[in-house]
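**Student:** structure16.txt is reproduced below (compact mmCIF, C-alpha atoms and all ligand atoms).
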# COMPACT_ATOMS: atom_id res chain seq x y z
CA MET A 413 132.02 145.82 -4.11
CA PRO A 414 133.53 148.07 -1.41
CA LEU A 415 130.91 147.08 1.15
CA THR A 416 128.63 144.05 1.28
CA LEU A 417 126.28 142.89 4.02
CA HIS A 418 125.28 139.23 4.10
CA ARG A 419 122.13 138.41 6.07
CA VAL A 420 123.10 140.72 8.93
CA THR A 421 120.91 140.39 12.02
CA LYS A 422 121.01 142.24 15.35
CA ALA A 423 118.73 141.31 18.23
CA PHE A 424 118.42 143.24 21.49
CA GLY A 425 116.92 140.57 23.74
CA GLY A 426 113.68 139.59 22.03
CA LEU A 427 113.62 142.60 19.71
CA VAL A 428 115.15 142.00 16.28
CA ALA A 429 116.21 145.53 15.25
CA VAL A 430 117.94 144.38 12.03
CA ASN A 431 116.66 141.20 10.44
CA GLN A 432 118.63 139.30 7.74
CA VAL A 433 119.68 142.43 5.88
CA SER A 434 121.74 141.92 2.70
CA PHE A 435 122.88 144.56 0.22
CA SER A 436 125.95 145.74 -1.65
CA VAL A 437 127.20 149.26 -2.12
CA ARG A 438 128.67 149.98 -5.55
CA PRO A 439 132.00 151.83 -5.71
CA GLY A 440 131.86 155.60 -6.22
CA THR A 441 128.15 155.90 -5.48
CA ILE A 442 126.12 157.69 -2.85
CA HIS A 443 124.01 154.93 -1.29
CA GLY A 444 121.08 156.06 0.84
CA LEU A 445 119.69 154.16 3.79
CA ILE A 446 116.19 155.28 4.66
CA GLY A 447 113.17 154.05 6.58
CA PRO A 448 110.55 155.24 9.07
CA ASN A 449 111.42 155.80 12.75
CA GLY A 450 112.52 152.58 14.41
CA ALA A 451 113.19 150.83 11.06
CA GLY A 452 116.72 149.90 12.15
CA LYS A 453 118.85 152.48 10.30
CA THR A 454 120.98 153.55 13.25
CA THR A 455 121.48 149.95 14.35
CA LEU A 456 122.53 148.98 10.83
CA PHE A 457 124.90 151.94 10.68
CA SER A 458 126.49 150.77 13.94
CA LEU A 459 126.81 147.24 12.53
CA ILE A 460 128.62 148.58 9.46
CA THR A 461 131.00 150.77 11.49
CA GLY A 462 131.70 148.02 14.04
CA PHE A 463 130.13 149.73 17.04
CA TYR A 464 127.84 146.68 17.26
CA LYS A 465 128.70 143.09 16.37
CA PRO A 466 125.87 141.28 14.56
CA THR A 467 123.98 138.48 16.25
CA SER A 468 124.49 136.68 12.93
CA GLY A 469 125.60 137.52 9.41
CA ARG A 470 128.69 139.02 7.83
CA VAL A 471 130.05 142.42 6.80
CA GLU A 472 132.66 142.55 4.00
CA LEU A 473 134.89 145.39 2.87
CA ASP A 474 136.41 144.79 -0.57
CA GLY A 475 135.57 141.11 -0.26
CA VAL A 476 137.33 140.75 3.11
CA ASP A 477 135.29 139.71 6.15
CA ILE A 478 135.53 142.58 8.67
CA THR A 479 132.69 141.42 10.97
CA SER A 480 134.99 140.90 13.95
CA LEU A 481 137.07 144.08 13.46
CA SER A 482 136.79 147.05 15.84
CA THR A 483 135.65 150.49 14.72
CA SER A 484 139.25 151.79 14.68
CA ALA A 485 140.54 148.77 12.73
CA ARG A 486 137.79 149.43 10.16
CA ALA A 487 138.80 153.11 10.00
CA LEU A 488 142.38 152.06 9.22
CA LYS A 489 140.97 150.04 6.31
CA GLY A 490 139.16 153.10 4.97
CA LEU A 491 135.68 152.78 6.51
CA VAL A 492 135.18 156.13 8.25
CA ARG A 493 132.06 157.60 9.83
CA THR A 494 130.69 160.91 11.00
CA PHE A 495 128.41 161.27 14.01
CA GLN A 496 124.77 162.36 14.29
CA GLY A 497 125.68 165.09 16.77
CA THR A 498 128.86 166.97 15.99
CA MET A 499 131.96 165.47 17.61
CA LEU A 500 134.48 168.29 17.59
CA PHE A 501 137.07 169.68 19.95
CA PRO A 502 135.31 173.01 20.55
CA ASP A 503 138.33 174.85 21.96
CA GLN A 504 140.62 173.84 19.12
CA THR A 505 140.79 175.68 15.84
CA VAL A 506 139.15 174.36 12.67
CA GLY A 507 142.62 173.48 11.32
CA GLU A 508 143.60 171.58 14.49
CA ASN A 509 140.35 169.61 14.38
CA VAL A 510 141.11 168.51 10.81
CA GLU A 511 144.65 167.48 11.83
CA ASN A 512 143.11 165.28 14.55
CA GLY A 513 141.16 163.45 11.85
CA MET A 514 144.41 162.40 10.18
CA LEU A 515 145.39 160.41 13.27
CA ALA A 516 142.84 157.74 12.33
CA THR A 517 144.99 156.61 9.40
CA ILE A 518 148.52 156.76 10.69
CA ARG A 519 148.68 154.42 13.64
CA PRO A 520 151.90 152.68 12.49
CA ARG A 521 153.67 156.04 12.52
CA LEU A 522 151.96 157.50 15.57
CA LEU A 523 155.27 158.18 17.29
CA ASP A 524 156.52 160.13 14.24
CA TRP A 525 153.33 162.07 14.39
CA LEU A 526 153.59 162.91 18.05
CA VAL A 527 157.30 163.70 17.93
CA GLU A 528 156.78 166.22 15.20
CA THR A 529 159.60 166.89 12.74
CA SER A 530 159.56 169.79 10.30
CA GLY A 531 158.76 167.26 7.54
CA THR A 532 155.68 165.83 9.25
CA LYS A 533 154.57 169.31 10.23
CA ALA A 534 154.74 170.53 6.61
CA MET A 535 152.90 167.41 5.41
CA LYS A 536 150.12 167.88 7.99
CA CYS A 537 149.82 171.52 7.08
CA ALA A 538 149.57 170.81 3.33
CA GLN A 539 146.97 168.08 3.82
CA THR A 540 144.96 170.32 6.15
CA ASP A 541 145.08 173.13 3.53
CA GLU A 542 143.79 170.74 0.89
CA ILE A 543 140.91 169.43 3.01
CA LEU A 544 139.87 172.88 4.24
CA GLU A 545 139.82 174.14 0.67
CA PHE A 546 137.74 171.14 -0.41
CA ALA A 547 135.26 171.79 2.43
CA GLN A 548 135.30 175.54 1.74
CA LEU A 549 136.42 176.21 5.30
CA SER A 550 139.85 177.77 4.53
CA ASN A 551 138.78 181.21 5.72
CA LEU A 552 137.81 179.70 9.09
CA ARG A 553 141.06 177.77 9.61
CA HIS A 554 142.08 179.74 12.72
CA ALA A 555 138.58 180.11 14.18
CA LYS A 556 137.67 178.06 17.25
CA ALA A 557 135.32 175.22 16.35
CA ARG A 558 132.87 176.44 19.01
CA ASP A 559 132.43 179.74 17.17
CA LEU A 560 131.20 178.10 13.94
CA SER A 561 127.51 177.99 13.02
CA HIS A 562 125.71 174.67 13.39
CA GLY A 563 125.93 174.03 9.64
CA GLN A 564 129.63 174.90 9.52
CA GLN A 565 130.28 172.53 12.45
CA ARG A 566 128.58 169.70 10.54
CA VAL A 567 130.73 170.41 7.49
CA LEU A 568 133.80 170.45 9.74
CA GLY A 569 132.72 167.02 11.05
CA ILE A 570 132.81 165.74 7.47
CA ALA A 571 136.17 167.46 6.83
CA ILE A 572 137.59 165.64 9.89
CA ALA A 573 136.33 162.34 8.44
CA LEU A 574 137.87 163.21 5.05
CA ALA A 575 141.21 163.78 6.77
CA ALA A 576 141.26 160.04 7.47
CA ARG A 577 141.22 159.47 3.67
CA PRO A 578 138.14 157.22 3.62
CA ARG A 579 137.33 154.87 0.78
CA VAL A 580 133.85 154.42 2.24
CA LEU A 581 132.44 157.42 4.12
CA LEU A 582 129.42 156.84 6.36
CA LEU A 583 127.32 159.91 7.10
CA ASP A 584 124.74 159.81 9.87
CA GLU A 585 122.03 162.41 9.23
CA PRO A 586 124.43 165.15 8.11
CA PHE A 587 121.67 167.54 7.02
CA THR A 588 119.89 167.71 10.40
CA GLY A 589 119.32 171.28 11.56
CA MET A 590 120.78 172.88 8.43
CA THR A 591 119.31 175.88 6.65
CA ALA A 592 118.27 175.51 2.99
CA GLY A 593 121.43 177.31 1.86
CA GLU A 594 123.66 175.08 4.02
CA LYS A 595 121.91 171.99 2.62
CA ASP A 596 122.60 173.14 -0.95
CA ARG A 597 126.28 173.66 -0.16
CA LEU A 598 126.55 170.24 1.50
CA VAL A 599 124.80 168.54 -1.43
CA GLU A 600 127.38 170.13 -3.73
CA MET A 601 130.23 169.00 -1.45
CA LEU A 602 128.93 165.42 -1.33
CA GLU A 603 128.74 165.43 -5.13
CA ARG A 604 132.41 166.45 -5.22
CA ILE A 605 133.23 163.66 -2.73
CA ARG A 606 131.52 161.17 -5.06
CA GLN A 607 133.43 162.58 -8.06
CA SER A 608 136.69 162.03 -6.18
CA GLY A 609 135.86 158.30 -6.13
CA THR A 610 134.93 157.99 -2.45
CA THR A 611 131.89 155.81 -1.82
CA VAL A 612 129.31 157.38 0.49
CA ILE A 613 126.66 155.69 2.65
CA LEU A 614 124.07 158.20 3.79
CA VAL A 615 121.52 157.72 6.58
CA GLU A 616 119.18 160.66 6.31
CA HIS A 617 115.64 161.68 7.22
CA ASP A 618 115.47 164.59 4.77
CA MET A 619 113.74 162.83 1.87
CA ARG A 620 114.06 165.66 -0.64
CA THR A 621 117.82 165.67 -0.18
CA VAL A 622 118.09 161.87 -0.26
CA MET A 623 116.10 161.73 -3.50
CA ARG A 624 118.22 164.49 -5.02
CA LEU A 625 121.59 163.05 -4.08
CA CYS A 626 121.56 159.25 -3.94
CA ASP A 627 122.36 156.87 -6.80
CA VAL A 628 120.80 153.90 -4.99
CA ILE A 629 118.54 153.78 -1.95
CA THR A 630 117.92 150.84 0.37
CA VAL A 631 114.63 151.17 2.26
CA LEU A 632 114.35 149.51 5.66
CA ASN A 633 111.10 148.79 7.43
CA PHE A 634 110.73 146.83 10.69
CA GLY A 635 114.40 145.82 10.44
CA LYS A 636 114.12 144.31 6.97
CA VAL A 637 114.95 145.52 3.47
CA LEU A 638 111.65 146.65 1.99
CA THR A 639 113.12 147.51 -1.38
CA GLU A 640 116.19 148.90 -3.11
CA GLY A 641 116.55 150.96 -6.27
CA THR A 642 117.10 154.36 -7.82
CA PRO A 643 115.30 157.31 -6.20
CA GLU A 644 112.66 157.13 -8.93
CA GLU A 645 112.06 153.39 -8.39
CA VAL A 646 111.89 153.81 -4.63
CA ARG A 647 109.57 156.79 -4.84
CA ARG A 648 107.09 154.82 -6.95
CA HIS A 649 107.17 151.65 -4.81
CA PRO A 650 103.68 151.22 -3.29
CA GLU A 651 104.91 149.80 0.03
CA VAL A 652 107.41 152.64 0.43
CA MET A 653 104.61 155.11 -0.11
CA ALA A 654 102.55 153.27 2.52
CA ALA A 655 105.45 153.17 5.00
CA TYR A 656 105.90 156.92 4.56
CA LEU A 657 102.20 157.72 4.58
CA GLY A 658 101.77 161.41 5.14
CA THR A 659 105.32 162.28 4.10
CA SER A 660 106.06 163.84 0.73
CA LEU A 661 108.64 161.74 -1.09
N1 LIG B 701 120.51 149.44 22.31
C1 LIG B 701 119.26 149.05 22.10
N2 LIG B 701 118.62 148.23 22.96
C2 LIG B 701 117.35 147.82 22.75
N3 LIG B 701 116.62 148.17 21.66
C3 LIG B 701 117.19 148.97 20.76
C4 LIG B 701 118.54 149.45 20.92
N4 LIG B 701 118.83 150.24 19.84
C5 LIG B 701 117.74 150.25 19.07
N5 LIG B 701 116.76 149.48 19.61
C6 LIG B 701 115.45 149.24 19.01
O1 LIG B 701 115.66 148.71 17.72
C7 LIG B 701 114.71 149.24 16.79
C8 LIG B 701 115.45 149.96 15.67
O2 LIG B 701 116.01 151.14 16.19
P1 LIG B 701 116.98 152.12 15.36
O3 LIG B 701 117.40 153.23 16.28
O4 LIG B 701 118.05 151.34 14.70
O5 LIG B 701 115.95 152.67 14.26
P2 LIG B 701 116.11 153.93 13.31
O6 LIG B 701 115.59 153.53 11.98
O7 LIG B 701 117.49 154.46 13.35
O8 LIG B 701 115.11 154.96 13.98
P3 LIG B 701 115.15 156.58 13.99
O9 LIG B 701 114.85 157.01 12.59
O10 LIG B 701 114.04 156.93 14.94
O11 LIG B 701 116.51 157.01 14.46
C9 LIG B 701 113.79 150.15 17.59
O12 LIG B 701 112.66 149.39 17.95
C10 LIG B 701 114.61 150.50 18.81
O13 LIG B 701 113.78 150.75 19.92
Please render this file's structure as structure tokens.
**Tutor:**
Amino acid sequence: MPLTLHRVTKAFGGLVAVNQVSFSVRPGTIHGLIGPNGAGKTTLFSLITGFYKPTSGRVELDGVDITSLSTSARALKGLVRTFQGTMLFPDQTVGENVENGMLATIRPRLLDWLVETSGTKAMKCAQTDEILEFAQLSNLRHAKARDLSHGQQRVLGIAIALAARPRVLLLDEPFTGMTAGEKDRLVEMLERIRQSGTTVILVEHDMRTVMRLCDVITVLNFGKVLTEGTPEEVRRHPEVMAAYLGTSL
């Protein structure tokens, strides 16, 4: 399994935000992480990316214990995240922002990267072309990131993460603030990411989109796993319905 959590717990003082959470993410799937407000999704996300260290428990990537690794060490191993708010360099072009994303994977050759030869420049350019085409942003390559719409900026955030060549891509509420059309386009892009073999972990509040896109969903409630299953199984689970009372699933 690309990613496995073993009885992961995170306490903030007396408050146990994530309580003995265990689950595995199957390769090449889109795995949703949902739950009502305060259920522990963001904390769990931070435990997976390495922003937080667990109070107890273990996180494994491809069977290797990565619990003590930093966020950047995890990124070098292929565990790459996007951010809830967009994290872009607004005054740089779309293409330059994507090139920045590549830095996450090339630490051993950072000097080569900084002292740019014609070879490295051509390689960067070709990879940027490929990613921009994949994200359908090629026509905006020379636009400043600040001039993009909100939805386009969110897609650029994912393109930057893709530039780091993730094996496991963690997306934190990527659909927030998007129009219906932008959501459709992002759903289609995430389906292409899955087809390419990249595993995706998706924290998302938009239930319709989660149900449409995910292969497996883990439901958190009060810091614990309430249930896990296909969208259909989760939708029919009585406690999930109770936890989401008033929300259409
Ligand atoms: N740094 C922190 N210090 C203290 N308590 C925290 C901290 N971060 C989160 N919590 C608490 O842990 C619990 C889980 O919070 P978390 O943000 O992980 O939930 P969530 O499911 O992401 O919620 P939301 O959907 O509202 O973003 C909440 O009770 C929250 O108040």
**Student:** List all protein, DNA and RNA residues that have an atom no more than 9 Å from any atom of ligand LIG 701 (chain B), counting all atoms listed in the file, and report them as a ChimeraX atom specification.
**Tutor:** /A:422-425,427-430,446-458,615-617,632-635
**Student:** With distances taken over only C-alpha atoms, which residue among A:Asn512, A:Ser550, A:Thr416, A:Thr639 lies nearest A:Asp474?
**Tutor:**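 Ranked by minimum distance to A:Asp474, first place goes to A:Thr416.
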**Student:** Just give me the gap between atom CA of A:Gln565 and atom CA of A:Met535 in Å, one decimal is fine.
**Tutor:**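 Computed distance, atom CA of A:Gln565 to atom CA of A:Met535, equals 24.2 Å.
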**Student:** Go through A:Pro502, A:Pro439, A:Gly462, A:Gly589 and flag the residue nearest A:Ser480, using all atoms listed in the file for the distances.
**Tutor:**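 Residue with the minimum atom-to-atom distance to A:Ser480: A:Gly462.
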**Student:** Calculated over only C-alpha atoms, which of the candidates A:Ile478, A:Met590, A:Leu602, A:Val420 has the smallest distance to A:Gln564?
**Tutor:**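 Checking each candidate against A:Gln564, we get A:Met590 as the closest.
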**Student:** Any idea what's packed within 7 Å of A:Val510, counting all atoms listed in the file, ignoring anything in its chain fewer than 2 positions away? Could you give it as an MDAnalysis selection string?
**Tutor:** chainID A and resid 506:508 512:514 540 571:572 575
**Student:** At a cut-off of 7 Å, using all atoms listed in the file, what residues contact A:Thr483? Leave out same-chain residues fewer than 3 positions from it and give the result as a PyMOL selection string.
**Tutor:** chain A and resi 461-463+486-487
**Student:** Please, what distance in Å, to one decimal, runs between atom CA of A:Thr494 and atom CA of A:Leu581?
**Tutor:**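 About the pair atom CA of A:Thr494 and atom CA of A:Leu581: they are 7.9 Å apart.
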**Student:** Would you compute the distance between atom CA of A:Met623 and atom CA of A:Lys636? Give it in Å to one decimal.
**Tutor:** 20.4 Å
**Student:** Can you pull out every residue within 12 Å of stretch 626-628 of chain A, counting all atoms listed in the file, but drop anything in the same chain fewer than 6 positions away, and send it as a ChimeraX atom specification?
**Tutor:** /A:435-446,599,602-603,606,611-616,618-620,639-647
**Student:** Quick one: of A:Thr610, A:Leu568, A:Leu583, A:Thr421, who's nearest to A:Tyr464, counting all atoms listed in the file?
**Tutor:** A:Thr421
